[in-house]
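Undergrad: The structure's right below; bear with me while I get my questions together.
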Amino acid sequence: MLTSIINLTHEPLSSFHFYSYRLYRAIPALGGGIVRVMSQTGKIGYALCDQLVHWGSEMQYRSLGSSGIKASVVAVGAWAIGGWPWGGTNEQDAIDAIRTGLDTGCNFIDTAPAYGLGLSEEIVGRAIAGRRRDVVIATKCGLVWHTNKGQLAFEESGRSVYRYLGPESIRYEVDQSLKRLGTDYIDLYQTHWQDPTKPIEDTMGTLMDLKSQGKIKAIGVSNASVAQIEEYQDYGPVDTDQELYSMLDRQIEQSNISYCKEKDISVLAYSPLAMGLLTGKIGPDREFPPDDLRYNNPRFSVENRRKVSDMLDEFKSIAVKHNITLAQLVIAWTIAQPGVTHALVGARNRNQAIENTAAGNVTLTQEEISVISNSIRRYTASRTPVI
Ligand SMILES: NC(=O)c1ccc[n+]([C@@H]2O[C@H](COP(=O)([O-])OP(=O)(O)OC[C@H]3O[C@@H](n4cnc5c(N)ncnc54)[C@H](OP(=O)(O)O)[C@@H]3O)[C@@H](O)[C@H]2O)c1
């Protein structure tokens with residue numbers, strides 16, 4: 001919980017360390033928790049115990065397409081908290097992560113039925129109980145385990161999961177999600193993966209009908225090509241496109257991002273930390289359990305971790321200048337990319353949530369963004385590229 005607000009209005013604004021020291025002394029007396037601090041000049045900082053996370057202005061919010069819904073530029077991504085295939089989950093930590101995100105300015109949560117076969121949505125529902133109106137919930141349809149129609153996608157926890165967007169299935173799914181989330185409407189409803197067995201016309205027709213019933217407020221797509229988004233739009237407005245995008249995954253810049261920018265469709269970047277690799281905290285000794293998708297993943301080889309670490313080292317001076325961590329710098333760079341409107345950042349505990357959310361306050365200069373982008377280009381285009 002957000003326990004206290006301290007206004008340091010009588011303090012001279014000097015250095016980050018000065019305030020860290022002040023907080024270090026003040027927080028034990030306040031009983032810990034999250035503290036929101038305002039400096040003399042109106043700068044906002046959030047602190048968890050004795051750690052000042054970031055000074056900056058308030059969280060930035062951007063519209064989801066033309067829906068009129070304002071969502072924080074950093075969302076709490078709720079995939080890993082579903083447990084599969086992330087080596088399991090700790091439910092209390094997950095609830096703390098979501099509540100911490102909400103307490104520190106983030107109002108946007110992205111989940112899906114497929115994340116832990118309903119578990120992620122249930123955890124989100126529990127975490128937001130009593131504060132539904134303050135939250136923008138994004139969830140999805142189209143990865144199902146109640147039927148064997150469509151295309152087999154993967155096996156999860158002993159169940160076969162199919163890509164299926166048949167109208168009767170979407171109607172079933174939305175009611176299941178509403179129950180798990182403990183709400184009577186979903187702010188943003190997205191097709192998770194595209195189903196080649198069903199016409200987009202029928203899918204979008206069903207989504208538009210759910211919207212007219214008030215069960216969903218805005219419609220989004222995910223893992224879609226530009227041609228597919230264009231087809232969706234023949235039958236109604238698409239507000240968001242959720243795609244893989246990070247410093248190491250920039251393939252959609254000339255396709256989805258440029259198209260969506262032109263059409264006023266928000267681009268929600270998923271896995272912006274490359275599943276944790278870009279935090280700079282996954283050192284050579286970190287081992288992943290066999291049921292974690294990073295186990296034996298070439299991107300997480302020790303050699304690649306070293307290369308990523310070398311690349312991130314080049315950004316350290318910029319991070320130091322802003323008093324931010326490398327993870328925050330990576331998130332800030334992501335939401336500064338033209339056309340990328342929001343970053344969906346996974347958080348498994350309150351420390352990660354407060355750190356990630358605070359990145360929504362950071363504004364990098366154009367020069368800093370160019371320095372970082374040039375460096376990424378060098379590393380990803382070298383003879384032995386970072387992957
Ligand atoms: N539409 C889709 O198909 C799709 C696909 C993927 C993701 N998504 C969405 O995008 C969200 C984010 O993507 P993602 O979870 O794949 O990857 P991510 O945000 O790039 O990385 C998340 C992981 O990095 C680690 N981490 C996060 N913040 C950290 C911090 N401050 N310090 C240290 N470690 C930190 C955590 O894992 P550890 O603590 O275990 O290291 C966390 O689970 C998902 O939750 C989901 O909502 C959507």
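The way I read the labels, and the way they are meant: chains A, B, ... in the order of the structure tokens, residue 1 as the first residue of every chain, and ligand 1 as the first ligand shown, with later ones counted on from there.
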Please identify every residue of range 316-376 of chain A that has at least one atom no farther than 8 Å from an atom of range 63-85 of chain A, counting only C-alpha atoms, and for each give the shortest atom pair and the distance in Å to one decimal, arranged by chain then increasing number, as a tab-separated table.

TA:
```
residue	atom	partner	partner_atom	distance
A:Ile335	CA	A:Val73	CA	7.0
A:Thr341	CA	A:Val73	CA	6.5
A:His342	CA	A:Val73	CA	4.4
A:Ala343	CA	A:Val74	CA	5.0
A:Leu344	CA	A:Ala75	CA	4.7
A:Val345	CA	A:Gly77	CA	4.9
A:Gly346	CA	A:Gly77	CA	4.1
A:Ala347	CA	A:Val76	CA	6.4
A:Arg348	CA	A:Ile81	CA	5.9
A:Ala353	CA	A:Val76	CA	7.3
A:Asn356	CA	A:Val74	CA	7.5
A:Thr357	CA	A:Val74	CA	6.0
A:Ala359	CA	A:Val74	CA	7.4
A:Gly360	CA	A:Val74	CA	5.6
```

Undergrad: I want to know what sits within 9 Å of range 204-213 of chain A, based on only C-alpha atoms, with residues of the same chain fewer than 4 positions away left out; could you give that as a list of chain:residue names?

TA: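 My reading of the contact set: A:Gly166, A:Pro167, A:Glu168, A:Ile170, A:Arg171, A:Val174, A:Tyr189, A:Pro199, A:Ile200, A:Lys217, A:Ala218, A:Ile219, A:Tyr232, A:Gln233, A:Tyr235, A:Gly236, A:Pro237.
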
Undergrad: For the residues selected in the previous step, produce a file with C-alpha atoms as a PDB file, in the first residue's frame.

TA:
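To be explicit, this is the file written out as again-v1.pdb:
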```pdb
ATOM      1  CA  GLY A 166     -14.893 -18.683 -33.413  1.00  0.00           C
ATOM      2  CA  PRO A 167     -17.712 -16.287 -32.335  1.00  0.00           C
ATOM      3  CA  GLU A 168     -19.268 -18.758 -29.851  1.00  0.00           C
ATOM      4  CA  ILE A 170     -15.131 -15.535 -27.927  1.00  0.00           C
ATOM      5  CA  ARG A 171     -18.512 -15.088 -26.199  1.00  0.00           C
ATOM      6  CA  VAL A 174     -15.258 -13.067 -22.361  1.00  0.00           C
ATOM      7  CA  TYR A 189     -10.090  -6.841 -25.281  1.00  0.00           C
ATOM      8  CA  PRO A 199     -12.729 -15.091 -41.014  1.00  0.00           C
ATOM      9  CA  ILE A 200     -11.669 -11.789 -39.446  1.00  0.00           C
ATOM     10  CA  LYS A 217     -14.750  -0.915 -24.082  1.00  0.00           C
ATOM     11  CA  ALA A 218     -12.029  -1.074 -26.736  1.00  0.00           C
ATOM     12  CA  ILE A 219     -10.719  -3.629 -29.207  1.00  0.00           C
ATOM     13  CA  TYR A 232     -10.115  -5.895 -38.922  1.00  0.00           C
ATOM     14  CA  GLN A 233     -10.565  -2.211 -39.583  1.00  0.00           C
ATOM     15  CA  TYR A 235     -15.430  -3.998 -39.735  1.00  0.00           C
ATOM     16  CA  GLY A 236     -14.770  -1.565 -36.879  1.00  0.00           C
ATOM     17  CA  PRO A 237     -12.103   0.473 -35.115  1.00  0.00           C
TER      18      PRO A 237
END
```

Undergrad: How would you write, as number ranges by chain, the set of residues in range 169-301 of chain A that DSSP gives as helix (DSSP H, G or I)?

TA: A: 169-181, 200-212, 226-233, 253-263, 277-279, 298-300

Undergrad: For those residues, write C-alpha atoms to a file as a compact mmCIF listing (two decimals), in the first residue's frame.

TA:
```
# COMPACT_ATOMS: atom_id res chain seq x y z
CA SER A 169 -15.86 -19.27 -28.27
CA ILE A 170 -15.13 -15.54 -27.93
CA ARG A 171 -18.51 -15.09 -26.20
CA TYR A 172 -17.70 -17.95 -23.82
CA GLU A 173 -14.20 -16.60 -23.18
CA VAL A 174 -15.26 -13.07 -22.36
CA ASP A 175 -17.70 -14.30 -19.70
CA GLN A 176 -15.00 -16.52 -18.17
CA SER A 177 -12.56 -13.59 -18.07
CA LEU A 178 -15.13 -11.28 -16.48
CA LYS A 179 -15.69 -13.85 -13.72
CA ARG A 180 -11.99 -14.42 -13.06
CA LEU A 181 -11.27 -10.69 -13.06
CA ILE A 200 -11.67 -11.79 -39.45
CA GLU A 201 -15.07 -10.41 -40.42
CA ASP A 202 -16.76 -12.81 -37.96
CA THR A 203 -14.20 -12.18 -35.22
CA MET A 204 -14.52 -8.42 -35.45
CA GLY A 205 -18.31 -8.63 -35.77
CA THR A 206 -18.40 -10.54 -32.47
CA LEU A 207 -16.07 -8.07 -30.76
CA MET A 208 -18.15 -5.12 -31.97
CA ASP A 209 -21.24 -6.81 -30.58
CA LEU A 210 -19.56 -7.31 -27.18
CA LYS A 211 -18.62 -3.65 -27.26
CA SER A 212 -22.19 -2.59 -27.94
CA VAL A 226 -0.51 -5.19 -41.15
CA ALA A 227 -2.79 -6.90 -43.68
CA GLN A 228 -4.75 -8.51 -40.85
CA ILE A 229 -5.11 -5.22 -38.97
CA GLU A 230 -6.33 -3.57 -42.17
CA GLU A 231 -8.95 -6.29 -42.54
CA TYR A 232 -10.11 -5.90 -38.92
CA GLN A 233 -10.56 -2.21 -39.58
CA GLU A 253 9.39 -0.67 -36.91
CA GLN A 254 8.79 -0.37 -40.65
CA SER A 255 5.63 -2.48 -40.69
CA ASN A 256 3.17 -2.49 -37.76
CA ILE A 257 4.57 0.56 -36.00
CA SER A 258 4.61 2.84 -39.00
CA TYR A 259 1.16 1.65 -40.08
CA CYS A 260 -0.35 2.08 -36.60
CA LYS A 261 1.21 5.51 -36.18
CA GLU A 262 -0.45 6.63 -39.38
CA LYS A 263 -3.84 5.19 -38.34
CA LEU A 277 17.74 -9.86 -20.17
CA LEU A 278 17.78 -6.08 -20.70
CA THR A 279 17.59 -5.29 -16.98
CA PRO A 298 20.06 -19.17 -26.89
CA ARG A 299 19.20 -15.57 -26.05
CA PHE A 300 20.11 -16.39 -22.44
```

Undergrad: Using only C-alpha atoms and all ligand atoms, which of A:Leu143, A:Val37, A:Leu273, A:Ile95 sits nearest ligand 1?

TA: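 For ligand 1, the nearest of the given residues is A:Leu273.
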
Undergrad: Could you check which of A:Ala358, A:Ile186, A:Ile44, A:Val320 is closest to ligand 1, using only C-alpha atoms and all ligand atoms?

TA: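 Ranking A:Ala358, A:Ile186, A:Ile44, A:Val320 by distance to ligand 1, first place goes to A:Ala358.
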
Undergrad: Name all residues at most 12 Å from range 149-158 of chain A (count only C-alpha atoms; drop same-chain ones fewer than 3 positions away) and give them as a PyMOL selection string.

TA: chain A and resi 82-88+113-119+142-146+161-169+192-199+291

Undergrad: Write out the residues from the selection above, keeping N, CA and C atoms, as a CSV table (one decimal), in the first residue's frame.

TA:
```csv
chain,number,residue,atom,x,y,z
A,82,GLY,N,1.4,-15.7,-14.0
A,82,GLY,CA,0.5,-16.9,-14.2
A,82,GLY,C,1.3,-18.2,-13.9
A,83,GLY,N,2.7,-18.1,-13.9
A,83,GLY,CA,3.5,-19.2,-13.5
A,83,GLY,C,4.1,-20.0,-14.6
A,84,TRP,N,3.2,-20.2,-15.7
A,84,TRP,CA,3.7,-21.1,-16.8
A,84,TRP,C,4.0,-20.2,-18.0
A,85,PRO,N,5.1,-20.4,-18.7
A,85,PRO,CA,6.2,-21.2,-18.5
A,85,PRO,C,7.4,-20.5,-17.9
A,86,TRP,N,7.1,-19.9,-16.7
A,86,TRP,CA,8.1,-19.0,-16.1
A,86,TRP,C,8.6,-19.7,-14.8
A,87,GLY,N,8.5,-21.0,-14.7
A,87,GLY,CA,9.1,-21.6,-13.5
A,87,GLY,C,8.2,-21.4,-12.2
A,88,GLY,N,6.9,-21.2,-12.4
A,88,GLY,CA,6.0,-21.1,-11.3
A,88,GLY,C,5.8,-19.7,-10.9
A,113,PRO,N,-6.2,-15.0,-20.6
A,113,PRO,CA,-6.6,-16.3,-20.0
A,113,PRO,C,-5.5,-17.4,-20.1
A,114,ALA,N,-4.8,-17.3,-21.2
A,114,ALA,CA,-3.7,-18.4,-21.4
A,114,ALA,C,-2.6,-18.3,-20.3
A,115,TYR,N,-2.5,-17.2,-19.7
A,115,TYR,CA,-1.4,-17.0,-18.7
A,115,TYR,C,-1.7,-17.8,-17.4
A,116,GLY,N,-1.3,-19.1,-17.4
A,116,GLY,CA,-1.5,-19.9,-16.3
A,116,GLY,C,-3.0,-20.5,-16.3
A,117,LEU,N,-3.5,-20.6,-17.5
A,117,LEU,CA,-4.9,-21.2,-17.7
A,117,LEU,C,-5.9,-20.5,-16.7
A,118,GLY,N,-5.9,-19.2,-16.7
A,118,GLY,CA,-6.8,-18.5,-15.9
A,118,GLY,C,-6.2,-17.9,-14.6
A,119,LEU,N,-5.1,-18.4,-14.2
A,119,LEU,CA,-4.5,-18.0,-12.9
A,119,LEU,C,-4.1,-16.5,-12.9
A,142,GLY,N,-8.8,-16.0,-27.7
A,142,GLY,CA,-8.2,-16.7,-28.9
A,142,GLY,C,-7.2,-17.8,-28.6
A,143,LEU,N,-6.8,-17.9,-27.3
A,143,LEU,CA,-6.0,-19.1,-27.0
A,143,LEU,C,-6.8,-19.9,-26.0
A,144,VAL,N,-7.3,-21.0,-26.4
A,144,VAL,CA,-8.4,-21.7,-25.6
A,144,VAL,C,-8.1,-23.1,-25.3
A,145,TRP,N,-8.6,-23.6,-24.2
A,145,TRP,CA,-8.4,-25.0,-23.8
A,145,TRP,C,-9.8,-25.7,-23.5
A,146,HIS,N,-10.9,-25.0,-23.8
A,146,HIS,CA,-12.2,-25.6,-23.5
A,146,HIS,C,-12.7,-26.3,-24.8
A,161,VAL,N,-3.7,-26.3,-25.8
A,161,VAL,CA,-4.3,-24.9,-26.0
A,161,VAL,C,-4.3,-24.7,-27.5
A,162,TYR,N,-5.5,-24.2,-28.0
A,162,TYR,CA,-5.7,-24.0,-29.4
A,162,TYR,C,-5.9,-22.5,-29.7
A,163,ARG,N,-5.4,-22.1,-30.9
A,163,ARG,CA,-5.7,-20.8,-31.4
A,163,ARG,C,-7.1,-20.9,-32.1
A,164,TYR,N,-8.0,-20.2,-31.5
A,164,TYR,CA,-9.4,-20.3,-32.0
A,164,TYR,C,-10.2,-19.0,-31.7
A,165,LEU,N,-10.8,-18.5,-32.7
A,165,LEU,CA,-11.5,-17.2,-32.6
A,165,LEU,C,-12.9,-17.3,-33.1
A,166,GLY,N,-13.5,-18.5,-33.0
A,166,GLY,CA,-14.9,-18.7,-33.4
A,166,GLY,C,-15.8,-17.8,-32.5
A,167,PRO,N,-16.9,-17.2,-33.1
A,167,PRO,CA,-17.7,-16.3,-32.3
A,167,PRO,C,-18.2,-16.9,-31.0
A,168,GLU,N,-18.7,-18.2,-31.1
A,168,GLU,CA,-19.3,-18.8,-29.9
A,168,GLU,C,-18.2,-18.9,-28.8
A,169,SER,N,-17.0,-19.1,-29.2
A,169,SER,CA,-15.9,-19.3,-28.3
A,169,SER,C,-15.5,-17.9,-27.6
A,192,HIS,N,-5.5,-12.6,-29.1
A,192,HIS,CA,-4.1,-12.9,-28.6
A,192,HIS,C,-3.2,-13.3,-29.7
A,193,TRP,N,-3.7,-14.3,-30.5
A,193,TRP,CA,-3.0,-14.7,-31.7
A,193,TRP,C,-4.0,-14.9,-32.8
A,194,GLN,N,-3.6,-14.7,-34.0
A,194,GLN,CA,-4.6,-14.8,-35.1
A,194,GLN,C,-4.9,-16.2,-35.5
A,195,ASP,N,-6.2,-16.5,-35.8
A,195,ASP,CA,-6.7,-17.8,-36.1
A,195,ASP,C,-7.0,-17.9,-37.6
A,196,PRO,N,-6.1,-18.6,-38.4
A,196,PRO,CA,-6.4,-18.7,-39.8
A,196,PRO,C,-7.6,-19.5,-40.2
A,197,THR,N,-8.2,-20.2,-39.2
A,197,THR,CA,-9.4,-21.0,-39.6
A,197,THR,C,-10.7,-20.2,-39.5
A,198,LYS,N,-10.7,-19.0,-39.0
A,198,LYS,CA,-11.9,-18.2,-38.9
A,198,LYS,C,-11.8,-16.8,-39.6
A,199,PRO,N,-12.8,-16.4,-40.3
A,199,PRO,CA,-12.7,-15.1,-41.0
A,199,PRO,C,-12.7,-13.9,-40.0
A,291,ASP,N,11.6,-25.6,-16.2
A,291,ASP,CA,10.2,-25.2,-16.6
A,291,ASP,C,10.1,-23.7,-16.8
```

Undergrad: Write down as an NGL selection string the residues of range 155-370 of chain A whose backbone DSSP state falls under strand (DSSP E or B).

TA: :A and (155-156 or 159-163 or 186-191 or 216-222 or 240-244 or 246 or 249 or 266-270 or 292 or 340-346)

Undergrad: Do you have the CA of Arg99 in chain A-CA of Ala127 in chain A distance handy?

TA: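 If I compute the distance from CA of Arg99 in chain A to CA of Ala127 in chain A, I get 6.2 Å.
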
Undergrad: Which of these, A:Thr183, A:Thr111, A:Ser160, A:Thr363, has the shortest distance to ligand 1 once you count only C-alpha atoms and all ligand atoms?

TA: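 Smallest separation from ligand 1 among the options: A:Thr111.
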
Undergrad: Quick one: distance from CA of Pro284 in chain A to CA of Ser309 in chain A in Å, one decimal?

TA: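 These two atoms are separated by 10.0 Å.
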
Undergrad: Using only C-alpha atoms, which protein or nucleic acid residues come within 10 Å of Val386 in chain A? Drop anything in the same chain fewer than 5 positions from it, and give the result as a ChimeraX atom specification.

TA: /A:248,299,303-311,376-381

Undergrad: Please measure the separation of CA of Glu122 in chain A and CA of Lys281 in chain A, giving the value in Å to one decimal.

TA: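 About the pair CA of Glu122 in chain A and CA of Lys281 in chain A: they are 29.2 Å apart.
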
Undergrad: Counting only C-alpha atoms, which of A:Phe108, A:Tyr46, A:Tyr245, A:Tyr61 gets nearest to Ile331 in chain A?

TA: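 Using only C-alpha atoms, Ile331 in chain A sits closest to A:Tyr245.
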
Undergrad: Go through A:Val135, A:Leu102, A:Ala336, A:Ala224 one by one, measure the shortest atom-to-atom distance of each to ligand 1 using only C-alpha atoms and all ligand atoms, and give the residue with the smallest value.

TA: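 The shortest atom-to-atom distance to ligand 1 comes from A:Ala224.
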
Undergrad: Using only C-alpha atoms, which residue out of A:Asn349, A:Thr89, A:Gln366, A:Ser375 lies closest to Phe315 in chain A?

TA: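 Selected residue with least distance to Phe315 in chain A: A:Ser375.
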